[in-house]
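Okay, structure first, notes after.
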Amino acid sequence: MPRAFLVVMDSVGIGGAPDAGDFFNDGKPDSGANTLAHIARACAEGRAEEGRSGPLHLPHLDGLGLSRAVTLASGDPAPDLGGGDLSGTWGAATEVSPGKDTPSGHWELAGLPVPWDWHYFPDTRPAFPEDLTAEVCRLAGTEGILGNIHGSGTVMLDRFGEEHIETGFPICYTSADSVFQIAAHEEHFGLDRLLQLCRDIAPRLHEMRVGRVIARPFVGSPGAFQRTANRRDYAIRPPQPVLTNWAQDAGRRVRAIGKIGDIFTMEGIDELRKGADAELMTHLGTAIDEMPEGSLTFANFVEFDSHYGHRRDVSGYARALEWFDAELGPLLDRLRPDDMLCLTADHGNDPTWFGTDHTRERVPVLIAGQGPGELGRIAFADVAATIARHLDIPAKGPGRPAPHE
């Protein structure tokens, strides 16, 4: 039986979302954002020279159709990414869910457009209602919280980290996503205590239709705080079956790599591998070597987004893309004849754009193992349908709405 590997390159958007004008960064619409094309342009113009140099070089992704997908999605000229002859099936996917966040993108890629409107906290100070703040304080056993605003995680540590150590108050903040984030020092506050606090407050926030509660542990001292790899997401459980359920219900083995287990609350997932992106690449290679016939492997590589997109670090994002491409090449050679490896993304995060939030974009769909071909413009949910057809399993999800055009 054939196997399938679905790999999400977190935030690697390719522009062209027809409703980008309805989404904003720093008060400005996302119209014109294009994560991949703008990084490639910056590299070609010598504006991404930290730790790398020259034009963006992604020959393996480009061989699967990446530059073609950019032009299809956005109309922008195809960047020269160094690819040779086309070897993959390629297209561009459009999201219909009313969000540019992690759960919305991943759920829809797995066959489930979000069936409700998420709750977003206002960009005010305070950002959270008094009763929610009081409940966090009660659960944490503190007299107050710090933050209570929209903000970027690293900025929150620089701004409130020292006061957090002095008072013991958790740092609570949000963003343009439907999310409630709690940062705390692993030693001074305690990692287990932070995770328990997030677990305890999550049901209250999920009732509000807040998509995720995220534990953001950090270490270090003032001026040198660093987030650790012990992040944990507490997401709303998908209300209907998704691709992982379809596969598991059909008796197939399902392995998650990265934060997929958190995003889907382990729904339909038999086993999980976590770690930094370098470790996740090793886990993906191991899955290619050892997963049984008929199995599904679902992976997310988050550092494009968390390390470079939100921080608007163009050079860092370009380095991460080139690292990923170099690692991908040998993995493609290890695929079995009946395997399908599908590379896509969940949203954009253009590091050349305004603000610090995600950008509303179409995403690439690049398939190895099926020969050269064009998918055209498809819906996010078509990714799940394509994987299900390849695995010969029934798609049990709801009917999907047509994408905006």
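Residues are named by chain letter and number: chains run A, B, ... in the order of the structure tokens, numbers start at 1 in each chain, and ligands are numbered from 1 in the order shown.
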
**Report entry** Polymer residues at most 9 Å from Val7 (chain A), only C-alpha atoms, same-chain spacing of 2 or more positions, as number ranges by chain
**Finding:** A: 5, 9, 257, 297-301, 341-345

File of the preceding selection, C-alpha atoms, as a compact mmCIF listing (two decimals), in the first residue's frame:
# COMPACT_ATOMS: atom_id res chain seq x y z
CA PHE A 5 3.98 12.34 4.13
CA MET A 9 6.50 24.59 6.15
CA ILE A 257 6.11 15.29 13.92
CA THR A 297 3.13 11.00 8.58
CA PHE A 298 2.08 14.60 9.31
CA ALA A 299 4.86 17.08 10.14
CA ASN A 300 5.21 20.77 10.94
CA PHE A 301 8.45 22.77 10.77
CA LEU A 341 5.39 13.60 -0.05
CA CYS A 342 3.31 16.79 -0.04
CA LEU A 343 4.89 20.08 1.06
CA THR A 344 2.64 23.02 1.88
CA ALA A 345 2.12 25.84 4.41

Residues of region 314-382 of chain A at most 8 Å from region 104-124 of chain A: nearest atom pair and distance in Å, only C-alpha atoms, as JSON lines:
{"residue": "A:Ala345", "atom": "CA", "partner": "A:Gly105", "partner_atom": "CA", "distance": 7.9}
{"residue": "A:Asp346", "atom": "CA", "partner": "A:Gly105", "partner_atom": "CA", "distance": 4.4}
{"residue": "A:His347", "atom": "CA", "partner": "A:Gly105", "partner_atom": "CA", "distance": 6.4}
{"residue": "A:Phe380", "atom": "CA", "partner": "A:Leu109", "partner_atom": "CA", "distance": 4.8}
{"residue": "A:Ala381", "atom": "CA", "partner": "A:Gly111", "partner_atom": "CA", "distance": 4.4}
{"residue": "A:Asp382", "atom": "CA", "partner": "A:Gly111", "partner_atom": "CA", "distance": 7.2}

Output N, CA and C atoms of each residue in that selection to a file, as a PDB file, in the first residue's frame.
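What follows is the written file selection-v2.pdb:
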ATOM      1  N   ALA A 345       1.998  24.904   3.300  1.00  0.00           N
ATOM      2  CA  ALA A 345       2.117  25.843   4.413  1.00  0.00           C
ATOM      3  C   ALA A 345       0.730  26.135   4.952  1.00  0.00           C
ATOM      4  N   ASP A 346       0.683  26.820   6.105  1.00  0.00           N
ATOM      5  CA  ASP A 346      -0.601  27.072   6.762  1.00  0.00           C
ATOM      6  C   ASP A 346      -1.055  28.524   6.672  1.00  0.00           C
ATOM      7  N   HIS A 347      -0.164  29.435   6.332  1.00  0.00           N
ATOM      8  CA  HIS A 347      -0.449  30.865   6.200  1.00  0.00           C
ATOM      9  C   HIS A 347       0.855  31.512   5.769  1.00  0.00           C
ATOM     10  N   PHE A 380      -7.445  24.713   0.433  1.00  0.00           N
ATOM     11  CA  PHE A 380      -6.666  24.030   1.468  1.00  0.00           C
ATOM     12  C   PHE A 380      -7.185  22.615   1.680  1.00  0.00           C
ATOM     13  N   ALA A 381      -8.507  22.463   1.755  1.00  0.00           N
ATOM     14  CA  ALA A 381      -9.093  21.154   2.055  1.00  0.00           C
ATOM     15  C   ALA A 381      -8.817  20.131   0.966  1.00  0.00           C
ATOM     16  N   ASP A 382      -8.484  20.595  -0.247  1.00  0.00           N
ATOM     17  CA  ASP A 382      -8.128  19.660  -1.310  1.00  0.00           C
ATOM     18  C   ASP A 382      -6.833  18.914  -1.004  1.00  0.00           C
TER      19      ASP A 382
END

Query raised in the report: A:Leu146, A:Phe264, A:Ser67, A:Val383: which is nearest Pro239 (chain A), counting only C-alpha atoms?
Result: A:Phe264

Write out as a PDB file with C-alpha atoms, in the first residue's frame each polymer residue whose atoms come within 7 Å of region 186-193 of chain A, counting only C-alpha atoms; drop sequence neighbours fewer than 3 positions from it.
ATOM      1  CA  ILE A 165      11.163  37.252  38.440  1.00  0.00           C
ATOM      2  CA  GLY A 168       6.200  35.900  40.413  1.00  0.00           C
ATOM      3  CA  GLN A 196      -0.528  23.198  34.802  1.00  0.00           C
ATOM      4  CA  LEU A 197      -1.719  26.806  34.711  1.00  0.00           C
ATOM      5  CA  PRO A 217       8.673  28.950  29.141  1.00  0.00           C
ATOM      6  CA  PHE A 218      11.971  30.806  29.196  1.00  0.00           C
ATOM      7  CA  VAL A 219      15.285  30.840  31.052  1.00  0.00           C
TER       8      VAL A 219
END

Selection: 9 Å around His38 (chain A), only C-alpha atoms, excl. self and same-chain fewer than 5 positions, as a PDB file with N, CA and C atoms, in the first residue's frame:
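Ended up saving to selection.pdb:
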ATOM      1  N   ALA A  33       1.252  41.242   0.462  1.00  0.00           N
ATOM      2  CA  ALA A  33       2.235  40.436   1.186  1.00  0.00           C
ATOM      3  C   ALA A  33       2.558  39.182   0.372  1.00  0.00           C
ATOM      4  N   CYS A  43      17.006  38.830  -1.134  1.00  0.00           N
ATOM      5  CA  CYS A  43      18.263  38.110  -1.348  1.00  0.00           C
ATOM      6  C   CYS A  43      18.934  38.566  -2.645  1.00  0.00           C
ATOM      7  N   VAL A 314      14.704  38.788   7.747  1.00  0.00           N
ATOM      8  CA  VAL A 314      14.728  38.294   6.367  1.00  0.00           C
ATOM      9  C   VAL A 314      15.899  37.342   6.153  1.00  0.00           C
ATOM     10  N   ASP A 350       5.281  37.227   6.157  1.00  0.00           N
ATOM     11  CA  ASP A 350       6.234  37.954   5.329  1.00  0.00           C
ATOM     12  C   ASP A 350       7.175  38.774   6.211  1.00  0.00           C
ATOM     13  N   PRO A 351       8.477  38.438   6.252  1.00  0.00           N
ATOM     14  CA  PRO A 351       9.394  39.157   7.136  1.00  0.00           C
ATOM     15  C   PRO A 351       9.742  40.556   6.642  1.00  0.00           C
ATOM     16  N   THR A 352       9.281  40.916   5.444  1.00  0.00           N
ATOM     17  CA  THR A 352       9.491  42.274   4.945  1.00  0.00           C
ATOM     18  C   THR A 352       8.276  43.152   5.203  1.00  0.00           C
ATOM     19  N   TRP A 353       7.232  42.601   5.852  1.00  0.00           N
ATOM     20  CA  TRP A 353       5.952  43.290   5.954  1.00  0.00           C
ATOM     21  C   TRP A 353       5.875  44.143   7.212  1.00  0.00           C
TER      22      TRP A 353
END

Can you tell me which residues surround region 13-22 of chain A at a distance of at most 7 Å, considering only C-alpha atoms, apart from same-chain residues fewer than 5 positions away, and format the answer as a tab-separated table (two decimals) with C-alpha atoms, in the first residue's frame?
chain	number	residue	atom	x	y	z
A	29	PRO	CA	-3.93	45.50	5.17
A	30	ASP	CA	-2.07	42.38	4.09
A	31	SER	CA	-2.75	43.12	0.41
A	32	GLY	CA	0.49	42.52	-1.48
A	33	ALA	CA	2.23	40.44	1.19
A	34	ASN	CA	4.24	37.59	-0.33
A	35	THR	CA	6.57	35.76	2.04
A	36	LEU	CA	8.55	33.72	-0.50
A	37	ALA	CA	8.74	36.27	-3.30
A	70	VAL	CA	4.45	31.76	-6.62
A	73	ALA	CA	-0.77	32.34	-6.61
A	74	SER	CA	0.13	36.00	-6.86
A	94	THR	CA	-6.48	29.23	-0.95
A	345	ALA	CA	2.12	25.84	4.41
A	347	HIS	CA	-0.45	30.87	6.20
A	348	GLY	CA	2.15	33.53	5.45
A	349	ASN	CA	4.49	35.54	7.67
A	360	ARG	CA	-2.95	36.32	4.76
A	361	GLU	CA	-1.58	34.49	1.71
A	362	ARG	CA	-2.08	31.55	-0.56
A	363	VAL	CA	0.33	28.66	0.06
A	364	PRO	CA	2.31	26.31	-2.18
A	404	HIS	CA	-12.98	32.95	-2.56
A	405	GLU	CA	-12.00	33.96	-6.08

Query - For region 150-164 of chain A: contacts at 10 Å, only C-alpha atoms, fewer than 2 positions along chain excluded, given as a ChimeraX atom specification - result: /A:121-128,145-148,166-177,180-185,188-189,216,218-227,306-307,310-311,355-357

Written selection (N, CA and C atoms) as a short mmCIF file (atom, residue, chain, number, x, y, z; two decimals), in the first residue's frame:
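Full text of again.cif as output:
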data_model
loop_
_atom_site.label_atom_id
_atom_site.label_comp_id
_atom_site.auth_asym_id
_atom_site.auth_seq_id
_atom_site.Cartn_x
_atom_site.Cartn_y
_atom_site.Cartn_z
N PHE A 121 -8.85 38.89 20.99
CA PHE A 121 -8.81 39.91 22.02
C PHE A 121 -8.47 41.26 21.40
N PRO A 122 -9.09 42.34 21.88
CA PRO A 122 -8.85 43.65 21.28
C PRO A 122 -7.43 44.14 21.54
N ASP A 123 -6.93 44.95 20.61
CA ASP A 123 -5.59 45.53 20.76
C ASP A 123 -5.69 46.77 21.64
N THR A 124 -6.00 46.54 22.90
CA THR A 124 -6.15 47.61 23.89
C THR A 124 -5.34 47.23 25.12
N ARG A 125 -5.26 48.14 26.06
CA ARG A 125 -4.63 47.81 27.34
C ARG A 125 -5.57 48.21 28.46
N PRO A 126 -6.12 47.25 29.19
CA PRO A 126 -5.83 45.82 29.10
C PRO A 126 -6.53 45.15 27.91
N ALA A 127 -5.96 44.04 27.48
CA ALA A 127 -6.54 43.28 26.38
C ALA A 127 -7.56 42.26 26.85
N PHE A 128 -7.45 41.82 28.11
CA PHE A 128 -8.28 40.73 28.61
C PHE A 128 -9.35 41.24 29.56
N ILE A 145 -1.20 39.75 37.08
CA ILE A 145 -0.48 39.27 35.91
C ILE A 145 0.29 40.44 35.31
N LEU A 146 1.25 40.13 34.47
CA LEU A 146 1.98 41.15 33.72
C LEU A 146 1.58 41.06 32.25
N GLY A 147 1.84 42.14 31.53
CA GLY A 147 1.50 42.16 30.12
C GLY A 147 0.08 42.64 29.91
N ASN A 148 -0.82 41.68 29.63
CA ASN A 148 -2.24 41.98 29.39
C ASN A 148 -2.39 42.87 28.16
N GLU A 166 10.80 39.19 39.86
CA GLU A 166 10.66 39.88 41.14
C GLU A 166 9.30 39.61 41.80
N THR A 167 8.22 39.56 40.99
CA THR A 167 6.87 39.45 41.55
C THR A 167 6.31 38.04 41.53
N GLY A 168 6.79 37.22 40.60
CA GLY A 168 6.20 35.90 40.41
C GLY A 168 4.94 35.91 39.57
N PHE A 169 4.55 37.08 39.05
CA PHE A 169 3.33 37.17 38.24
C PHE A 169 3.59 36.60 36.84
N PRO A 170 2.70 35.77 36.29
CA PRO A 170 2.87 35.27 34.92
C PRO A 170 2.70 36.41 33.91
N ILE A 171 3.40 36.29 32.79
CA ILE A 171 3.30 37.27 31.71
C ILE A 171 2.26 36.75 30.71
N CYS A 172 1.16 37.47 30.57
CA CYS A 172 0.06 37.04 29.70
C CYS A 172 -0.10 38.03 28.56
N TYR A 173 -0.18 37.52 27.33
CA TYR A 173 -0.27 38.40 26.18
C TYR A 173 -0.96 37.67 25.04
N THR A 174 -1.28 38.41 23.99
CA THR A 174 -1.98 37.84 22.84
C THR A 174 -1.42 38.47 21.58
N SER A 175 -2.09 38.21 20.45
CA SER A 175 -1.64 38.75 19.16
C SER A 175 -2.86 38.87 18.27
N ALA A 176 -2.62 39.07 16.98
CA ALA A 176 -3.73 39.13 16.04
C ALA A 176 -4.39 37.77 15.86
N ASP A 177 -3.73 36.69 16.31
CA ASP A 177 -4.32 35.36 16.28
C ASP A 177 -5.27 35.18 17.46
N PHE A 180 -4.09 32.89 23.60
CA PHE A 180 -3.77 33.41 24.93
C PHE A 180 -2.45 32.78 25.31
N GLN A 181 -1.41 33.59 25.47
CA GLN A 181 -0.07 33.08 25.72
C GLN A 181 0.37 33.45 27.14
N ILE A 182 1.01 32.49 27.79
CA ILE A 182 1.51 32.72 29.15
C ILE A 182 3.00 32.37 29.17
N ALA A 183 3.82 33.37 29.47
CA ALA A 183 5.26 33.17 29.58
C ALA A 183 5.66 33.15 31.06
N ALA A 184 6.58 32.27 31.40
CA ALA A 184 7.07 32.19 32.77
C ALA A 184 8.45 31.56 32.78
N HIS A 185 9.24 31.94 33.76
CA HIS A 185 10.61 31.45 33.88
C HIS A 185 10.59 30.01 34.42
N HIS A 188 12.33 30.20 38.15
CA HIS A 188 11.73 31.06 39.16
C HIS A 188 10.23 30.79 39.34
N PHE A 189 9.52 30.51 38.24
CA PHE A 189 8.09 30.21 38.31
C PHE A 189 7.86 28.70 38.34
N ARG A 216 4.72 29.47 27.25
CA ARG A 216 5.95 30.01 26.67
C ARG A 216 7.04 30.08 27.75
N PHE A 218 10.69 30.21 29.56
CA PHE A 218 11.97 30.81 29.20
C PHE A 218 12.95 30.66 30.35
N VAL A 219 14.22 30.92 30.07
CA VAL A 219 15.29 30.84 31.05
C VAL A 219 16.17 32.07 30.90
N GLY A 220 17.19 32.17 31.74
CA GLY A 220 18.14 33.26 31.62
C GLY A 220 17.90 34.35 32.63
N SER A 221 18.63 35.45 32.43
CA SER A 221 18.58 36.60 33.33
C SER A 221 18.30 37.86 32.52
N PRO A 222 17.96 38.97 33.19
CA PRO A 222 17.63 40.20 32.47
C PRO A 222 18.70 40.57 31.44
N GLY A 223 18.22 40.87 30.25
CA GLY A 223 19.10 41.17 29.14
C GLY A 223 19.53 39.96 28.36
N ALA A 224 19.26 38.77 28.87
CA ALA A 224 19.68 37.54 28.20
C ALA A 224 18.64 36.43 28.37
N PHE A 225 17.36 36.80 28.35
CA PHE A 225 16.31 35.80 28.43
C PHE A 225 16.21 35.04 27.11
N GLN A 226 15.92 33.74 27.20
CA GLN A 226 15.75 32.91 26.01
C GLN A 226 14.58 31.96 26.21
N ARG A 227 13.72 31.88 25.21
CA ARG A 227 12.65 30.88 25.26
C ARG A 227 13.24 29.49 25.05
N SER A 306 8.29 31.01 13.85
CA SER A 306 8.54 31.45 15.23
C SER A 306 9.86 32.17 15.38
N HIS A 307 10.90 31.75 14.64
CA HIS A 307 12.21 32.36 14.80
C HIS A 307 12.44 33.55 13.88
N HIS A 310 7.92 36.25 12.58
CA HIS A 310 7.42 37.21 13.55
C HIS A 310 8.47 38.26 13.90
N ARG A 311 9.72 37.88 13.85
CA ARG A 311 10.80 38.80 14.20
C ARG A 311 11.23 39.65 12.99
N GLY A 355 4.39 45.35 10.90
CA GLY A 355 3.98 44.65 12.11
C GLY A 355 4.80 43.42 12.40
N THR A 356 4.19 42.51 13.17
CA THR A 356 4.87 41.26 13.58
C THR A 356 3.97 40.04 13.43
N ASP A 357 2.79 40.19 12.85
CA ASP A 357 1.84 39.09 12.80
C ASP A 357 1.90 38.34 11.48
#

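Non-sequential neighbours of Trp246 (chain A) (distance at most 8 Å, separation of 3 or more positions within a chain, only C-alpha atoms) are A:Pro241, A:Val242, A:Leu243, A:Asp249, A:Ala250, A:Gly268, A:Ala388, A:Ile393, A:Pro394, A:Ala395, A:Lys396.
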
Query raised in the report: How many Å lie between CA of Gly83 (chain A) and CA of Ala368 (chain A), rounded to one decimal?
Result: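 Value for the CA of Gly83 (chain A)-CA of Ala368 (chain A) distance: 14.3 Å.
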
Requested in this report: Name the closest residue to Leu61 (chain A) among the candidates A:Gly316, A:Gly88, A:Gly294, A:Gly285; distances are taken between atoms, counting only C-alpha atoms.
Outcome: A:Gly88

Query raised in the report: If you measure from CA of Pro103 (chain A) to CA of Gln240 (chain A), what distance in Å do you get, rounded to one decimal?
Result: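 Between these atoms lies a distance of 13.6 Å.
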
**Report entry** CA of His60 (chain A) to CA of Asp325 (chain A), straight-line distance in Å
**Finding:**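 Here the two named atoms are 5.9 Å from each other.
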
**Report entry** Those in region 112-300 of chain A with alpha helix (DSSP H) from DSSP, as a PyMOL selection string
**Finding:** chain A and resi 130-140+153-167+191-207+243-249+260-263+277-290

Report summary line: Using only C-alpha atoms, the shortest atom-to-atom distance to Arg312 (chain A) among A:Ile236, A:Asp85, A:Gly54, A:Phe354 belongs to A:Phe354
